[in-house]
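Enquirer: Got a structure for you, written out below as structure tokens; questions coming shortly.
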Amino acid sequence: MGGESTTRTAPYRGGTDTGPVGSRTGQRLSGLAVALGLVLFLGGFAWGAVIYRPYTVPTSSMTPTIDAGDRVLAQRVDGGEIRRGDVVVFTDKTWVTNAPVVKRVVAVGGDTVSCCTDGKLTVNGKQIDETYLKGGPVEVKSIPTVKVPEGRLFLLGDERQGSLDSSAHLTDAAQGTVALSAVTARVDAVVWPMKGMVERPASFETLGALSSPGPLRTIVVLIVVGAVLVLGGGAYGPVAKLAGRRSRVRTEPVGAR
């Protein structure tokens, strides 16, 4: 009598395993990954909270670099760390009462600044190619020659036509300049909407060293790596449990006919 046999797969039902899943080494590595990930993730946020301050820019005076309503992250610095080309946050009661102002530094103490020569800003006799200006480098402001006192800054908005900047305060006692001590932070990035890091204009480098970007990129990397480690380490248990179930599936004869 001939016949054939067939097989079926069925889960092993020898008992219920309520203990840890996966190898002991895997469990230890997953725990280590979660712990390290939490350190990096929380440490990155803590570092960022110490170094950076968020601001919402209410006006369009820094367009196109920063538009009205944009959210920026500004690194806490003192005036001595400011260089030409930096976008800074400062407070000056002669400009705005009890509110921070965001403008770009175009000249520092000892510089001579004027506008315009061939449509360009001139600092210490050098024409500055301001690639960050809206619609090209042509200036619309008339600025007589100003000698910036030591310990002070001359600042302009990137949207030159409507910006109430140093050029609008030339008749003040300080000729529109702002004290270094008034600066509280330097803008590193526009984070909402995501425009990325703020440019350090290379054209100012002919007058002196530019400032270095803050540690924002490093902080972001720490947070992302930390999140990946936490998620990866946390996923080890469920993945190992699923793999264990599959490995216990066995084939057994169904019968003959």
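Just remember, in the structure tokens the first chain shown is A, the second B, etc., residues are 1-based per chain, and ligands are 1-based in the order shown.
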Residues of region 173-245 of chain A classed as alpha helix (DSSP H) by DSSP on the backbone are to be reported as number ranges by chain.

Expert: A: 216-245

Enquirer: Mind dumping the selected residues with N, CA, C and O atoms as a compact mmCIF listing (two decimals), in the first residue's frame?

Expert:
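The file below, result-v3.txt, is the result:
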# COMPACT_ATOMS: atom_id res chain seq x y z
N LEU A 216 27.01 73.84 17.70
CA LEU A 216 25.65 73.36 17.43
C LEU A 216 25.65 72.05 16.66
O LEU A 216 24.87 71.13 16.97
N ARG A 217 26.49 71.93 15.64
CA ARG A 217 26.53 70.69 14.86
C ARG A 217 26.91 69.49 15.74
O ARG A 217 26.31 68.42 15.64
N THR A 218 27.89 69.69 16.62
CA THR A 218 28.31 68.62 17.52
C THR A 218 27.17 68.23 18.45
O THR A 218 26.93 67.04 18.72
N ILE A 219 26.45 69.22 18.96
CA ILE A 219 25.33 68.95 19.87
C ILE A 219 24.25 68.15 19.15
O ILE A 219 23.70 67.19 19.71
N VAL A 220 23.94 68.51 17.91
CA VAL A 220 22.93 67.79 17.14
C VAL A 220 23.36 66.34 16.92
O VAL A 220 22.55 65.40 17.04
N VAL A 221 24.65 66.13 16.60
CA VAL A 221 25.16 64.77 16.40
C VAL A 221 25.01 63.94 17.68
O VAL A 221 24.58 62.78 17.65
N LEU A 222 25.35 64.53 18.82
CA LEU A 222 25.22 63.82 20.10
C LEU A 222 23.76 63.40 20.35
O LEU A 222 23.50 62.27 20.77
N ILE A 223 22.84 64.31 20.10
CA ILE A 223 21.42 64.01 20.33
C ILE A 223 20.93 62.92 19.40
O ILE A 223 20.24 61.98 19.82
N VAL A 224 21.30 62.99 18.12
CA VAL A 224 20.86 61.99 17.15
C VAL A 224 21.46 60.61 17.47
O VAL A 224 20.75 59.59 17.48
N VAL A 225 22.77 60.58 17.74
CA VAL A 225 23.42 59.30 18.07
C VAL A 225 22.82 58.72 19.35
O VAL A 225 22.57 57.51 19.44
N GLY A 226 22.57 59.58 20.34
CA GLY A 226 21.96 59.11 21.58
C GLY A 226 20.59 58.50 21.34
O GLY A 226 20.26 57.44 21.88
N ALA A 227 19.79 59.15 20.51
CA ALA A 227 18.45 58.63 20.21
C ALA A 227 18.53 57.28 19.50
O ALA A 227 17.76 56.36 19.80
N VAL A 228 19.48 57.14 18.56
CA VAL A 228 19.63 55.88 17.84
C VAL A 228 20.05 54.76 18.80
O VAL A 228 19.52 53.63 18.73
N LEU A 229 20.97 55.05 19.71
CA LEU A 229 21.41 54.03 20.67
C LEU A 229 20.27 53.61 21.60
O LEU A 229 20.10 52.42 21.90
N VAL A 230 19.49 54.57 22.07
CA VAL A 230 18.37 54.25 22.96
C VAL A 230 17.35 53.38 22.24
O VAL A 230 16.88 52.36 22.77
N LEU A 231 16.99 53.78 21.03
CA LEU A 231 16.00 53.01 20.28
C LEU A 231 16.54 51.63 19.89
O LEU A 231 15.82 50.62 19.99
N GLY A 232 17.81 51.59 19.47
CA GLY A 232 18.40 50.30 19.09
C GLY A 232 18.55 49.36 20.26
O GLY A 232 18.21 48.18 20.18
N GLY A 233 19.04 49.89 21.40
CA GLY A 233 19.18 49.05 22.59
C GLY A 233 17.84 48.59 23.12
O GLY A 233 17.67 47.43 23.53
N GLY A 234 16.85 49.47 23.08
CA GLY A 234 15.53 49.11 23.56
C GLY A 234 14.84 48.08 22.68
O GLY A 234 13.98 47.32 23.13
N ALA A 235 15.21 48.06 21.39
CA ALA A 235 14.57 47.12 20.46
C ALA A 235 15.17 45.72 20.54
O ALA A 235 14.60 44.78 20.00
N TYR A 236 16.29 45.57 21.25
CA TYR A 236 16.94 44.25 21.29
C TYR A 236 16.04 43.18 21.88
O TYR A 236 15.92 42.07 21.35
N GLY A 237 15.38 43.49 22.99
CA GLY A 237 14.53 42.51 23.65
C GLY A 237 13.42 41.98 22.75
O GLY A 237 13.31 40.77 22.53
N PRO A 238 12.57 42.86 22.18
CA PRO A 238 11.52 42.38 21.27
C PRO A 238 12.06 41.63 20.07
O PRO A 238 11.47 40.63 19.65
N VAL A 239 13.18 42.08 19.49
CA VAL A 239 13.74 41.40 18.33
C VAL A 239 14.24 40.02 18.71
O VAL A 239 14.01 39.02 18.00
N ALA A 240 14.94 39.92 19.85
CA ALA A 240 15.45 38.62 20.30
C ALA A 240 14.31 37.67 20.63
O ALA A 240 14.38 36.47 20.37
N LYS A 241 13.24 38.19 21.21
CA LYS A 241 12.08 37.36 21.54
C LYS A 241 11.44 36.81 20.27
O LYS A 241 11.08 35.63 20.20
N LEU A 242 11.30 37.65 19.25
CA LEU A 242 10.73 37.21 17.98
C LEU A 242 11.62 36.16 17.32
O LEU A 242 11.13 35.15 16.81
N ALA A 243 12.93 36.39 17.37
CA ALA A 243 13.86 35.42 16.78
C ALA A 243 13.81 34.10 17.53
O ALA A 243 13.90 33.02 16.93
N GLY A 244 13.66 34.17 18.86
CA GLY A 244 13.57 32.95 19.66
C GLY A 244 12.33 32.14 19.32
O GLY A 244 12.38 30.91 19.27
N ARG A 245 11.22 32.79 19.11
CA ARG A 245 9.99 32.09 18.75
C ARG A 245 10.14 31.38 17.42
O ARG A 245 9.72 30.24 17.24

Enquirer: Just how far from CA of Val50 (chain A) is CA of Pro213 (chain A), in Å to one decimal?

Expert: 16.0 Å

Enquirer: Find the residues around Tyr55 (chain A) up to 8 Å (only C-alpha atoms counted), leave out those fewer than 6 positions away in its own chain, and share them as a list in words.

Expert: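 These residues fall inside the cut-off: Arg71, Val72, Leu73 and Ala74 of chain A.
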
Enquirer: DSSP on the backbone, strand (DSSP E or B) only: what residues of region 130-238 of chain A does that give? Format it as a list in words.

Expert: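 Selection result, strand (DSSP E or B) within region 130-238 of chain A: Ile143, Pro144, Thr145, Val146, Lys147, Arg152, Leu153, Phe154, Leu155, Leu156, Val178, Ala179, Val183, Thr184, Ala185, Arg186, Val187, Asp188, Ala189, Val190, Val191, Trp192, Gly196 and Met197 of chain A.
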
Enquirer: Find the distance between CA of Thr112 (chain A) and CA of Arg200 (chain A) and write it in Å to one decimal.

Expert: 20.6 Å

Enquirer: Find the distance between CA of Val178 (chain A) and CA of Glu205 (chain A) and write it in Å to one decimal.

Expert: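 Answer for the CA of Val178 (chain A) to CA of Glu205 (chain A) separation: 21.7 Å.
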
Enquirer: Considering only C-alpha atoms, return as a list in words whatever protein or nucleic-acid residues lie within 10 Å of region 117-129 of chain A, sequence-local ones (same chain, fewer than 4 positions apart) excluded.

Expert: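 What passes the distance filter is Val106, Ala107, Val108, Gly110, Asp111, Thr112, Val113, Leu133, Gly136, Pro137, Val138, Glu139, Val140, Lys141, Ser142, Ile143, Thr145, Val146, Lys147, Pro201, Ala202, Ser203, Phe204, Glu205, Thr206 and Leu207 of chain A.
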
Enquirer: List as a list in words the protein and nucleic acid residues near region 99-101 of chain A, meaning an atom at most 7 Å away when only C-alpha atoms are counted, but skip any in the same chain fewer than 3 places from it.

Expert: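 Counting only C-alpha atoms, the residues come to Val89, Phe90, Thr91 and Val96 of chain A.
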
Enquirer: Nearest to Gly109 (chain A) among A:Thr177, A:Ser163, A:Thr65, A:Thr56, with distances taken over only C-alpha atoms: which residue is it?

Expert: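 Among the listed residues, the smallest separation from Gly109 (chain A) belongs to A:Thr177.
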
Enquirer: For each of A:Asp188, A:Leu210, A:Met62, A:Ala174, take the minimum atom-to-atom distance to Gly48 (chain A), counting only C-alpha atoms, then give the residue where this is smallest.

Expert: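 The shortest atom-to-atom distance to Gly48 (chain A) comes from A:Asp188.
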
Enquirer: Restricting the calculation to only C-alpha atoms: of A:Ala209, A:Cys116, A:Ile51, A:Leu156, which residue gets closest to Thr184 (chain A)?

Expert: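 Ranking A:Ala209, A:Cys116, A:Ile51, A:Leu156 by distance to Thr184 (chain A), first place goes to A:Ile51.
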